[in-house]
Amino acid sequence: MAIPFKLYQDSEVKKWLRENTFPMLECDARMAASALLMLNRQAGKGYDSYIIRDIKAAAIFITNRGYMILNDSVWKGCKNINNKGRVTRGLYLLGYFCLRGTALKLKDLSDREFYLGYSPFFTLTPCFRILKEAEHELSKILAYSTFEQVRSAIHHLLVIADNESQTELTHELCLKALKMQGNTDRLKEIISFIDRRFSMHWEKPQAFEPYTPLPLPTDKEADIYFDSLYEKRFIRIDMIIVKAVTALKAFGQSSSSVGQYMKIFKRFRWYCFKEGQSFYRPELYKRYLKFEQVLTYEGKQRQWKSSLAVRGGTVLSAVANSGTVPNDIFKKAPFKHQDPDIEAIRSELYVYIRKERKLSEAFAGLNNFVFKMILNGSSTKTAAQLKELGNAELDLILHHFRARCSKKSSLASLLPILRNVLTWLYEHGYIRCNLAYGVINPHFIKTYNPPYLKVSDQKRLEDYSSKESWRNRCFILLGLNLGLRQSDILALRKCDIDFKRKKLSIIQQKTGVPLELPLDNMIVQAVRNYINLERPKPYTEDTEPIFLSMFPPFLPLNSLYSCISKVLKKNGISPENGSARGPHLLRYSLVHSLMKAKTKHKIITDTLGHTSENSDRPYLSMNKEMLLKCALDLSLIGKDRNFALEDE
């Protein structure tokens with residue numbers, strides 16, 4: 001039986017308002033309805049009869065179910081039971097009155113606030129405050145269309161938090177939101193932003209690493225710390241990491257190697273942070289190594305990280321004891337033969353690769369590795385023994401290669417280099433006979449066909465680029481019309497471009513070989529407009545990279561993948577031979593269009609900046625028409641055996 005509903009007298013309501021303060025987490029439902037109606041009636045202007053209807057309907061709905069008190073749980077329960085417009089509107093008005101204590105009409109609640117779905121009481125929680133603060137700050141730095149997606153993702157988080165009755169914003173709540181429906185990419189961006197803004201130090205999904213790295217001290221702070229260190233048993237982990245990185249650089253390790261070690265050191269520091277440890281101890285690093293080995297065994301990370309972590313522990317131990325990295329610390333130290341004659345031959349081979357052939361340092365390292373394998377496989381110790389290499393020693397060398405290379409793809413990469421090294425040794429008189437003729441490549445077929453855009457899609461992309469920002473337009477034109485690699489685009493400087501002569505002159509990042517290309521008016525205009533209109537920071541010197549990020553602190557870019565892939569996805573352009581959407585897709589597409597136009601091979605090689613004509617071979621598989629012309633006619637099979645094919 002329904003309970004009769006009566007409003008309180010205005011005198012009782014006024015007394016109640018004087019004795020209570022807002023916000024109220026619990027409130028008499030009948031009194032809240034009476035007070036809200038009285039305040040609206042006193043406001044006068046715009047007071048409509050349907051507001052009385054909505055507020056009374058909600059109050060009657062609450063009291064008929066035996067609830068005299070209106071709070072968060074009652075509000076949610078009643079809203080879930082009845083989704084009719086009248087009761088729902090009244091519930092929202094009553095809920096927000098409990099928080100504000102002022103006269104409310106529906107127009108006082110924005111559409112977003114009314115239709116979001118979380119209860120008014122949830123707006124008092126720290127979770128709501130943090131997410132709304134993040135939303136406000138993101139609105140200042142994001143474009144309108146992007147911010148609308150971000151706001152939708154934040155709404156998704158708010159609703160989940162309210163349904164789960166989570167008053168604090170936790171990492172588990174964010175991960176649950178990632179698994180549910182919603183804009184996953186935007187949620188990841190929001191989680192990362194909140195982690196940076198509020199120093200939450202959350203972990204990335206499926207990786208024992210923080211969203212944002214814990215700040216490390218500077219080199220100067222680390223030097224001062226080690227100079228004032230009295231006892232080496234207690235060394236701060238962040239200080240020893242900075243000192244180890246400095247020691248690795250002084251030791252001569254490449255920037256790539258130092259970066260890999262830095263990843264391991266940061267993972268170790270994060271492990272210590274989770275364990276509540278601040279000082280370095282060898283036994284602590286041993287426990288971390290066991291953790292890395294478990295991740296590798298479970299297939300959650302690759303083997304090389306676990307192996308590198310072992311060498312990283314050796315580095316930290318050496319730095320803790322002596323402050324430097326000794327020369328014999330690495331198993332894979334730079335190869336230097338004990339015999340001076342052998343070392344002279346190795347050095348001459350290195351100079352030939354780098355200076356005469358003008359190939360990269362990485363390729364010179366491969367030749368150095370192959371030369372070392374020749375010596376180890378044949379047990380050669382002196383130049384005289386090297387001179388006497390024959391077929392028997394070649395068999396031992398090949399067996400050594402097979403033992404070291406478990407995959408045919410590795411053999412297919414190293415054996416051509418072995419053939420070249422043996423040929424070079426023979427031509428320079430270091431071995432008596434040319435053993436290169438005894439090296440046969442393994443039967444290995446690469447199934448990878450380079451992706452590319454059709455000529456029609458390239459024209460569409462070039463047309464669509466006129467609607468993009470000047471920065472994105474530069475990326476598309478430089479990749480599609482010039483075929484520049486990502487590394488060369490990112491390293492492009494103002495001094496590399498001659499705007500008057502319309503020429504581009506760079507030193508290629510991959511090969512170190514100079515490259516000069518003509519520029520058309522579209523590229524010149526795009527680069528010039530980006531510098532003058534969009535570039536967020538003025539030049540202090542012409543040697544700075546041209547392209548910067550769109551958000552503070554406006555650092556040089558380290559990848560073009562997201563920019564180019566978004567443009568392709570937005571315009572519905574899909575590549576052939578796969579789903580690649582990175583910057584190298586544009587380089588492949590240029591080759592495809594040049595081959596389609598029957599451009600001379602020499603021009604294609606010069607345009608791409610290749611140092612060898614053989615470098616173009618992977619690109620040839622893109623032209624299906626040319627490959628079909630190479631196919632053999634099968635109609636003559638079996639003719640000399642006096643039998644015919646079935647269809648004849």
# chains A, B, ... in the order shown; residues from 1 in each chain; ligands from 1
$ select_by_dssp --residues "region 52-104 of chain A" --states "alpha helix (DSSP H)" --output "ChimeraX atom specification"
/A:52-64,72-81,85-100
$ residues_around --residues "Ile241 (chain A)" --least-positions-apart "2" --cutoff "9 Å" --atoms "only C-alpha atoms" --output "number ranges by chain"
A: 216, 236-239, 243-246, 262, 265-266, 269, 316
$ closest_residue --among "A:Lys598, A:Arg100, A:Arg471, A:Lys204" --to "Ile531 (chain A)" --atoms "only C-alpha atoms"
A:Arg471
$ residues_around --residues "region 342-354 of chain A" --least-positions-apart "2" --cutoff "10 Å" --atoms "only C-alpha atoms" --output "mmCIF file with all heavy atoms, in the first residue's frame"
data_model
loop_
_atom_site.group_PDB
_atom_site.id
_atom_site.type_symbol
_atom_site.label_atom_id
_atom_site.label_comp_id
_atom_site.auth_asym_id
_atom_site.auth_seq_id
_atom_site.Cartn_x
_atom_site.Cartn_y
_atom_site.Cartn_z
ATOM 1 N N PHE A 335 86.286 -6.962 -30.785
ATOM 2 C CA PHE A 335 87.218 -8.018 -31.186
ATOM 3 C C PHE A 335 88.563 -7.417 -31.580
ATOM 4 O O PHE A 335 88.642 -6.506 -32.406
ATOM 5 C CB PHE A 335 86.615 -8.797 -32.360
ATOM 6 C CG PHE A 335 87.575 -9.786 -32.960
ATOM 7 C CD1 PHE A 335 88.045 -10.850 -32.224
ATOM 8 C CD2 PHE A 335 88.022 -9.623 -34.263
ATOM 9 C CE1 PHE A 335 88.924 -11.758 -32.785
ATOM 10 C CE2 PHE A 335 88.896 -10.523 -34.826
ATOM 11 C CZ PHE A 335 89.347 -11.593 -34.083
ATOM 12 N N LYS A 336 89.594 -7.942 -30.955
ATOM 13 C CA LYS A 336 90.956 -7.526 -31.295
ATOM 14 C C LYS A 336 91.850 -8.744 -31.151
ATOM 15 O O LYS A 336 92.021 -9.282 -30.056
ATOM 16 C CB LYS A 336 91.421 -6.399 -30.380
ATOM 17 C CG LYS A 336 92.737 -5.785 -30.809
ATOM 18 C CD LYS A 336 93.076 -4.576 -29.950
ATOM 19 C CE LYS A 336 94.372 -3.942 -30.431
ATOM 20 N NZ LYS A 336 94.737 -2.750 -29.609
ATOM 21 N N HIS A 337 92.431 -9.199 -32.274
ATOM 22 C CA HIS A 337 93.224 -10.431 -32.264
ATOM 23 C C HIS A 337 94.577 -10.191 -31.630
ATOM 24 O O HIS A 337 95.165 -9.107 -31.736
ATOM 25 C CB HIS A 337 93.383 -10.960 -33.691
ATOM 26 C CG HIS A 337 93.654 -12.429 -33.728
ATOM 27 N ND1 HIS A 337 94.927 -12.947 -33.634
ATOM 28 C CD2 HIS A 337 92.819 -13.491 -33.835
ATOM 29 C CE1 HIS A 337 94.874 -14.269 -33.702
ATOM 30 N NE2 HIS A 337 93.599 -14.622 -33.820
ATOM 31 N N GLN A 338 95.075 -11.250 -30.979
ATOM 32 C CA GLN A 338 96.373 -11.140 -30.308
ATOM 33 C C GLN A 338 97.520 -11.044 -31.300
ATOM 34 O O GLN A 338 98.509 -10.352 -31.047
ATOM 35 C CB GLN A 338 96.576 -12.338 -29.377
ATOM 36 C CG GLN A 338 95.561 -12.404 -28.238
ATOM 37 C CD GLN A 338 95.755 -13.617 -27.363
ATOM 38 O OE1 GLN A 338 96.542 -14.515 -27.688
ATOM 39 N NE2 GLN A 338 95.040 -13.657 -26.245
ATOM 40 N N ASP A 339 97.396 -11.752 -32.432
ATOM 41 C CA ASP A 339 98.459 -11.699 -33.439
ATOM 42 C C ASP A 339 98.407 -10.356 -34.169
ATOM 43 O O ASP A 339 97.362 -9.997 -34.733
ATOM 44 C CB ASP A 339 98.291 -12.844 -34.436
ATOM 45 C CG ASP A 339 99.440 -12.924 -35.418
ATOM 46 O OD1 ASP A 339 100.472 -13.546 -35.088
ATOM 47 O OD2 ASP A 339 99.311 -12.347 -36.516
ATOM 48 N N PRO A 340 99.485 -9.589 -34.206
ATOM 49 C CA PRO A 340 99.448 -8.263 -34.848
ATOM 50 C C PRO A 340 99.169 -8.330 -36.346
ATOM 51 O O PRO A 340 98.541 -7.426 -36.899
ATOM 52 C CB PRO A 340 100.834 -7.682 -34.548
ATOM 53 C CG PRO A 340 101.688 -8.862 -34.193
ATOM 54 C CD PRO A 340 100.794 -9.868 -33.582
ATOM 55 N N GLU A 356 86.086 2.671 -48.417
ATOM 56 C CA GLU A 356 86.002 2.459 -49.864
ATOM 57 C C GLU A 356 84.564 2.171 -50.309
ATOM 58 O O GLU A 356 84.057 2.790 -51.241
ATOM 59 C CB GLU A 356 86.937 1.323 -50.284
ATOM 60 C CG GLU A 356 88.423 1.637 -50.079
ATOM 61 C CD GLU A 356 89.315 0.551 -50.658
ATOM 62 O OE1 GLU A 356 88.869 -0.139 -51.618
ATOM 63 O OE2 GLU A 356 90.439 0.386 -50.155
ATOM 64 N N ARG A 357 83.915 1.233 -49.634
ATOM 65 C CA ARG A 357 82.543 0.909 -50.011
ATOM 66 C C ARG A 357 81.519 1.853 -49.376
ATOM 67 O O ARG A 357 80.358 1.866 -49.777
ATOM 68 C CB ARG A 357 82.217 -0.534 -49.620
ATOM 69 C CG ARG A 357 83.046 -1.570 -50.367
ATOM 70 C CD ARG A 357 82.521 -2.964 -50.114
ATOM 71 N NE ARG A 357 81.159 -3.127 -50.585
ATOM 72 C CZ ARG A 357 80.415 -4.205 -50.351
ATOM 73 N NH1 ARG A 357 80.925 -5.226 -49.652
ATOM 74 N NH2 ARG A 357 79.175 -4.279 -50.804
ATOM 75 N N LYS A 358 81.954 2.612 -48.359
ATOM 76 C CA LYS A 358 81.124 3.616 -47.702
ATOM 77 C C LYS A 358 79.831 3.020 -47.142
ATOM 78 O O LYS A 358 78.740 3.553 -47.323
ATOM 79 C CB LYS A 358 80.796 4.762 -48.660
ATOM 80 C CG LYS A 358 82.022 5.526 -49.122
ATOM 81 C CD LYS A 358 81.648 6.669 -50.052
ATOM 82 C CE LYS A 358 82.889 7.428 -50.491
ATOM 83 N NZ LYS A 358 82.564 8.552 -51.397
ATOM 84 N N LEU A 359 79.999 1.877 -46.466
ATOM 85 C CA LEU A 359 78.847 1.214 -45.855
ATOM 86 C C LEU A 359 78.781 1.541 -44.369
ATOM 87 O O LEU A 359 79.698 2.120 -43.798
ATOM 88 C CB LEU A 359 78.932 -0.299 -46.082
ATOM 89 C CG LEU A 359 78.878 -0.731 -47.554
ATOM 90 C CD1 LEU A 359 79.056 -2.228 -47.686
ATOM 91 C CD2 LEU A 359 77.572 -0.304 -48.196
ATOM 92 N N SER A 360 77.686 1.170 -43.749
ATOM 93 C CA SER A 360 77.400 1.592 -42.378
ATOM 94 C C SER A 360 78.297 0.880 -41.374
ATOM 95 O O SER A 360 78.912 -0.160 -41.662
ATOM 96 C CB SER A 360 75.935 1.315 -42.046
ATOM 97 O OG SER A 360 75.690 -0.080 -42.049
ATOM 98 N N GLU A 361 78.319 1.436 -40.177
ATOM 99 C CA GLU A 361 79.078 0.841 -39.079
ATOM 100 C C GLU A 361 78.519 -0.532 -38.721
ATOM 101 O O GLU A 361 79.271 -1.451 -38.389
ATOM 102 C CB GLU A 361 79.009 1.775 -37.863
ATOM 103 C CG GLU A 361 79.714 1.254 -36.618
ATOM 104 C CD GLU A 361 81.220 1.255 -36.749
ATOM 105 O OE1 GLU A 361 81.758 2.091 -37.505
ATOM 106 O OE2 GLU A 361 81.862 0.394 -36.103
ATOM 107 N N ALA A 362 77.198 -0.685 -38.791
ATOM 108 C CA ALA A 362 76.579 -1.974 -38.467
ATOM 109 C C ALA A 362 77.026 -3.062 -39.445
ATOM 110 O O ALA A 362 77.321 -4.195 -39.048
ATOM 111 C CB ALA A 362 75.060 -1.843 -38.486
ATOM 112 N N PHE A 363 77.091 -2.718 -40.741
ATOM 113 C CA PHE A 363 77.520 -3.718 -41.729
ATOM 114 C C PHE A 363 79.002 -4.049 -41.552
ATOM 115 O O PHE A 363 79.413 -5.194 -41.733
ATOM 116 C CB PHE A 363 77.261 -3.189 -43.137
ATOM 117 C CG PHE A 363 77.497 -4.206 -44.224
ATOM 118 C CD1 PHE A 363 76.587 -5.220 -44.434
ATOM 119 C CD2 PHE A 363 78.628 -4.158 -45.018
ATOM 120 C CE1 PHE A 363 76.784 -6.173 -45.416
ATOM 121 C CE2 PHE A 363 78.842 -5.104 -46.008
ATOM 122 C CZ PHE A 363 77.916 -6.109 -46.210
ATOM 123 N N ALA A 364 79.802 -3.049 -41.200
ATOM 124 C CA ALA A 364 81.212 -3.308 -40.921
ATOM 125 C C ALA A 364 81.355 -4.241 -39.729
ATOM 126 O O ALA A 364 82.234 -5.107 -39.696
ATOM 127 C CB ALA A 364 81.944 -2.003 -40.669
ATOM 128 N N GLY A 365 80.468 -4.076 -38.732
ATOM 129 C CA GLY A 365 80.486 -4.977 -37.592
ATOM 130 C C GLY A 365 80.152 -6.409 -37.976
ATOM 131 O O GLY A 365 80.727 -7.358 -37.432
ATOM 132 N N ASN A 367 80.785 -7.799 -40.928
ATOM 133 C CA ASN A 367 81.995 -8.315 -41.587
ATOM 134 C C ASN A 367 83.056 -8.681 -40.563
ATOM 135 O O ASN A 367 83.762 -9.686 -40.707
ATOM 136 C CB ASN A 367 82.530 -7.272 -42.570
ATOM 137 C CG ASN A 367 81.761 -7.246 -43.874
ATOM 138 O OD1 ASN A 367 82.141 -7.880 -44.860
ATOM 139 N ND2 ASN A 367 80.656 -6.518 -43.887
ATOM 140 N N ASN A 368 83.184 -7.873 -39.523
ATOM 141 C CA ASN A 368 84.130 -8.163 -38.448
ATOM 142 C C ASN A 368 83.761 -9.462 -37.743
ATOM 143 O O ASN A 368 84.619 -10.291 -37.417
ATOM 144 C CB ASN A 368 84.137 -6.996 -37.465
ATOM 145 C CG ASN A 368 85.298 -7.064 -36.499
ATOM 146 O OD1 ASN A 368 86.372 -7.538 -36.851
ATOM 147 N ND2 ASN A 368 85.079 -6.601 -35.287
ATOM 148 N N PHE A 371 84.606 -12.430 -40.038
ATOM 149 C CA PHE A 371 86.053 -12.678 -40.038
ATOM 150 C C PHE A 371 86.474 -13.415 -38.771
ATOM 151 O O PHE A 371 87.311 -14.327 -38.804
ATOM 152 C CB PHE A 371 86.797 -11.345 -40.160
ATOM 153 C CG PHE A 371 88.285 -11.483 -40.226
ATOM 154 C CD1 PHE A 371 88.904 -12.006 -41.355
ATOM 155 C CD2 PHE A 371 89.087 -11.100 -39.157
ATOM 156 C CE1 PHE A 371 90.287 -12.134 -41.417
ATOM 157 C CE2 PHE A 371 90.463 -11.226 -39.209
ATOM 158 C CZ PHE A 371 91.069 -11.742 -40.348
ATOM 159 N N LYS A 372 85.875 -13.031 -37.640
ATOM 160 C CA LYS A 372 86.163 -13.726 -36.388
ATOM 161 C C LYS A 372 85.695 -15.170 -36.451
ATOM 162 O O LYS A 372 86.379 -16.089 -35.956
ATOM 163 C CB LYS A 372 85.479 -12.987 -35.236
ATOM 164 C CG LYS A 372 85.695 -13.609 -33.871
ATOM 165 C CD LYS A 372 84.932 -12.837 -32.808
ATOM 166 C CE LYS A 372 85.064 -13.510 -31.444
ATOM 167 N NZ LYS A 372 84.285 -12.781 -30.400
ATOM 168 N N LEU A 375 88.210 -17.339 -38.333
ATOM 169 C CA LEU A 375 89.370 -17.686 -37.518
ATOM 170 C C LEU A 375 89.023 -18.755 -36.491
ATOM 171 O O LEU A 375 89.776 -19.726 -36.309
ATOM 172 C CB LEU A 375 89.904 -16.436 -36.818
ATOM 173 C CG LEU A 375 90.372 -15.288 -37.718
ATOM 174 C CD1 LEU A 375 90.846 -14.115 -36.879
ATOM 175 C CD2 LEU A 375 91.484 -15.751 -38.651
ATOM 176 N N THR A 380 92.433 -20.794 -36.639
ATOM 177 C CA THR A 380 93.568 -20.045 -37.180
ATOM 178 C C THR A 380 94.078 -19.077 -36.124
ATOM 179 O O THR A 380 93.309 -18.294 -35.561
ATOM 180 C CB THR A 380 93.144 -19.275 -38.442
ATOM 181 O OG1 THR A 380 92.702 -20.224 -39.425
ATOM 182 C CG2 THR A 380 94.301 -18.475 -38.997
ATOM 183 N N LYS A 381 95.388 -19.116 -35.893
ATOM 184 C CA LYS A 381 96.004 -18.263 -34.886
ATOM 185 C C LYS A 381 96.948 -17.226 -35.490
ATOM 186 O O LYS A 381 97.153 -16.165 -34.890
ATOM 187 C CB LYS A 381 96.794 -19.117 -33.879
ATOM 188 C CG LYS A 381 95.972 -20.200 -33.192
ATOM 189 C CD LYS A 381 94.886 -19.605 -32.294
ATOM 190 C CE LYS A 381 94.129 -20.710 -31.554
ATOM 191 N NZ LYS A 381 93.024 -20.164 -30.714
ATOM 192 N N THR A 382 97.521 -17.523 -36.649
ATOM 193 C CA THR A 382 98.511 -16.631 -37.245
ATOM 194 C C THR A 382 98.151 -16.347 -38.695
ATOM 195 O O THR A 382 97.319 -17.040 -39.307
ATOM 196 C CB THR A 382 99.914 -17.249 -37.175
ATOM 197 O OG1 THR A 382 99.931 -18.458 -37.951
ATOM 198 C CG2 THR A 382 100.314 -17.568 -35.734
ATOM 199 N N ALA A 383 98.829 -15.348 -39.269
ATOM 200 C CA ALA A 383 98.616 -15.010 -40.675
ATOM 201 C C ALA A 383 99.106 -16.121 -41.594
ATOM 202 O O ALA A 383 98.550 -16.324 -42.682
ATOM 203 C CB ALA A 383 99.323 -13.700 -41.006
ATOM 204 N N ALA A 384 100.150 -16.850 -41.176
ATOM 205 C CA ALA A 384 100.658 -17.963 -41.991
ATOM 206 C C ALA A 384 99.621 -19.077 -42.083
ATOM 207 O O ALA A 384 99.424 -19.674 -43.151
ATOM 208 C CB ALA A 384 101.964 -18.492 -41.389
ATOM 209 N N LEU A 386 96.412 -18.626 -41.806
ATOM 210 C CA LEU A 386 95.341 -18.076 -42.639
ATOM 211 C C LEU A 386 95.669 -18.250 -44.117
ATOM 212 O O LEU A 386 94.781 -18.524 -44.935
ATOM 213 C CB LEU A 386 95.140 -16.596 -42.303
ATOM 214 C CG LEU A 386 94.040 -15.859 -43.069
ATOM 215 C CD1 LEU A 386 92.676 -16.432 -42.728
ATOM 216 C CD2 LEU A 386 94.072 -14.365 -42.770
ATOM 217 N N VAL A 421 83.851 -11.783 -47.832
ATOM 218 C CA VAL A 421 85.091 -11.689 -47.044
ATOM 219 C C VAL A 421 86.149 -12.617 -47.609
ATOM 220 O O VAL A 421 87.332 -12.240 -47.731
ATOM 221 C CB VAL A 421 84.798 -12.001 -45.560
ATOM 222 C CG1 VAL A 421 86.098 -12.109 -44.769
ATOM 223 C CG2 VAL A 421 83.903 -10.931 -44.953
ATOM 224 N N TRP A 424 87.537 -11.104 -50.723
ATOM 225 C CA TRP A 424 88.442 -9.995 -50.403
ATOM 226 C C TRP A 424 89.792 -10.508 -49.927
ATOM 227 O O TRP A 424 90.847 -9.972 -50.306
ATOM 228 C CB TRP A 424 87.790 -9.115 -49.337
ATOM 229 C CG TRP A 424 88.628 -7.919 -48.960
ATOM 230 C CD1 TRP A 424 88.657 -6.710 -49.564
ATOM 231 C CD2 TRP A 424 89.565 -7.858 -47.878
ATOM 232 N NE1 TRP A 424 89.556 -5.882 -48.948
ATOM 233 C CE2 TRP A 424 90.134 -6.557 -47.897
ATOM 234 C CE3 TRP A 424 89.995 -8.760 -46.906
ATOM 235 C CZ2 TRP A 424 91.096 -6.152 -46.978
ATOM 236 C CZ3 TRP A 424 90.951 -8.346 -45.989
ATOM 237 C CH2 TRP A 424 91.486 -7.067 -46.027
ATOM 238 N N LEU A 425 89.788 -11.552 -49.072
ATOM 239 C CA LEU A 425 91.050 -12.128 -48.589
ATOM 240 C C LEU A 425 91.874 -12.698 -49.741
ATOM 241 O O LEU A 425 93.110 -12.543 -49.775
ATOM 242 C CB LEU A 425 90.758 -13.219 -47.554
ATOM 243 C CG LEU A 425 90.187 -12.757 -46.206
ATOM 244 C CD1 LEU A 425 89.765 -13.956 -45.372
ATOM 245 C CD2 LEU A 425 91.204 -11.914 -45.444
ATOM 246 N N HIS A 428 93.387 -9.860 -52.003
ATOM 247 C CA HIS A 428 94.470 -9.118 -51.368
ATOM 248 C C HIS A 428 95.638 -10.024 -50.975
ATOM 249 O O HIS A 428 96.577 -9.566 -50.300
ATOM 250 C CB HIS A 428 93.951 -8.376 -50.131
ATOM 251 C CG HIS A 428 93.104 -7.187 -50.471
ATOM 252 N ND1 HIS A 428 91.821 -7.301 -50.973
ATOM 253 C CD2 HIS A 428 93.359 -5.848 -50.399
ATOM 254 C CE1 HIS A 428 91.322 -6.092 -51.181
ATOM 255 N NE2 HIS A 428 92.240 -5.197 -50.850
ATOM 256 N N TYR A 430 95.785 -12.747 -48.995
ATOM 257 C CA TYR A 430 95.899 -13.268 -47.637
ATOM 258 C C TYR A 430 95.561 -14.758 -47.567
ATOM 259 O O TYR A 430 95.822 -15.396 -46.547
ATOM 260 C CB TYR A 430 94.997 -12.474 -46.694
ATOM 261 C CG TYR A 430 95.408 -11.026 -46.567
ATOM 262 C CD1 TYR A 430 94.530 -10.001 -46.888
ATOM 263 C CD2 TYR A 430 96.686 -10.685 -46.136
ATOM 264 C CE1 TYR A 430 94.905 -8.662 -46.787
ATOM 265 C CE2 TYR A 430 97.072 -9.355 -46.034
ATOM 266 C CZ TYR A 430 96.186 -8.351 -46.368
ATOM 267 O OH TYR A 430 96.577 -7.044 -46.269
ATOM 268 N N THR A 511 73.116 5.136 -43.594
ATOM 269 C CA THR A 511 74.342 4.750 -44.306
ATOM 270 C C THR A 511 75.469 5.751 -44.156
ATOM 271 O O THR A 511 76.621 5.416 -44.439
ATOM 272 C CB THR A 511 74.039 4.571 -45.803
ATOM 273 O OG1 THR A 511 73.571 5.819 -46.348
ATOM 274 C CG2 THR A 511 72.967 3.513 -46.000
ATOM 275 N N GLY A 512 75.169 6.979 -43.747
ATOM 276 C CA GLY A 512 76.195 8.001 -43.667
ATOM 277 C C GLY A 512 76.624 8.541 -45.015
ATOM 278 O O GLY A 512 77.634 9.234 -45.125
#
$ atom_distance --atom1 "CA of Tyr271 (chain A)" --atom2 "CA of His201 (chain A)"
12.1 Å
$ atom_distance --atom1 "CA of Lys76 (chain A)" --atom2 "CA of Ser119 (chain A)"
6.8 Å
$ residues_around --residues "Phe97 (chain A)" --least-positions-apart "6" --cutoff "10 Å" --atoms "only C-alpha atoms" --output "list of chain:residue names"
A:Phe22, A:Pro23, A:Met24, A:Cys27, A:Ala32, A:Ala33, A:Ala35, A:Leu36, A:Leu91, A:Ala103, A:Leu104, A:Pro120
$ write_last_selection --atoms "C-alpha atoms" --output "mmCIF file, in the first residue's frame"
data_model
loop_
_atom_site.group_PDB
_atom_site.id
_atom_site.type_symbol
_atom_site.label_atom_id
_atom_site.label_comp_id
_atom_site.auth_asym_id
_atom_site.auth_seq_id
_atom_site.Cartn_x
_atom_site.Cartn_y
_atom_site.Cartn_z
ATOM 1 C CA PHE A 22 25.686 21.465 2.524
ATOM 2 C CA PRO A 23 26.828 19.223 0.952
ATOM 3 C CA MET A 24 24.867 16.513 2.725
ATOM 4 C CA CYS A 27 19.179 13.791 3.746
ATOM 5 C CA ALA A 32 14.672 17.623 0.604
ATOM 6 C CA ALA A 33 11.639 17.652 -1.704
ATOM 7 C CA ALA A 35 12.946 22.500 0.619
ATOM 8 C CA LEU A 36 13.668 22.284 -3.094
ATOM 9 C CA LEU A 91 16.000 12.082 -8.647
ATOM 10 C CA ALA A 103 17.040 26.230 -5.959
ATOM 11 C CA LEU A 104 17.446 23.997 -8.993
ATOM 12 C CA PRO A 120 25.417 13.359 -7.845
#
$ select_by_dssp --residues "region 365-568 of chain A" --states "strand (DSSP E)" --output "list in words"
Ile497, Asp498, Lys503, Leu504, Ser505, Ile506, Ile507, Pro514, Leu515, Glu516, Leu517 and Pro518 of chain A
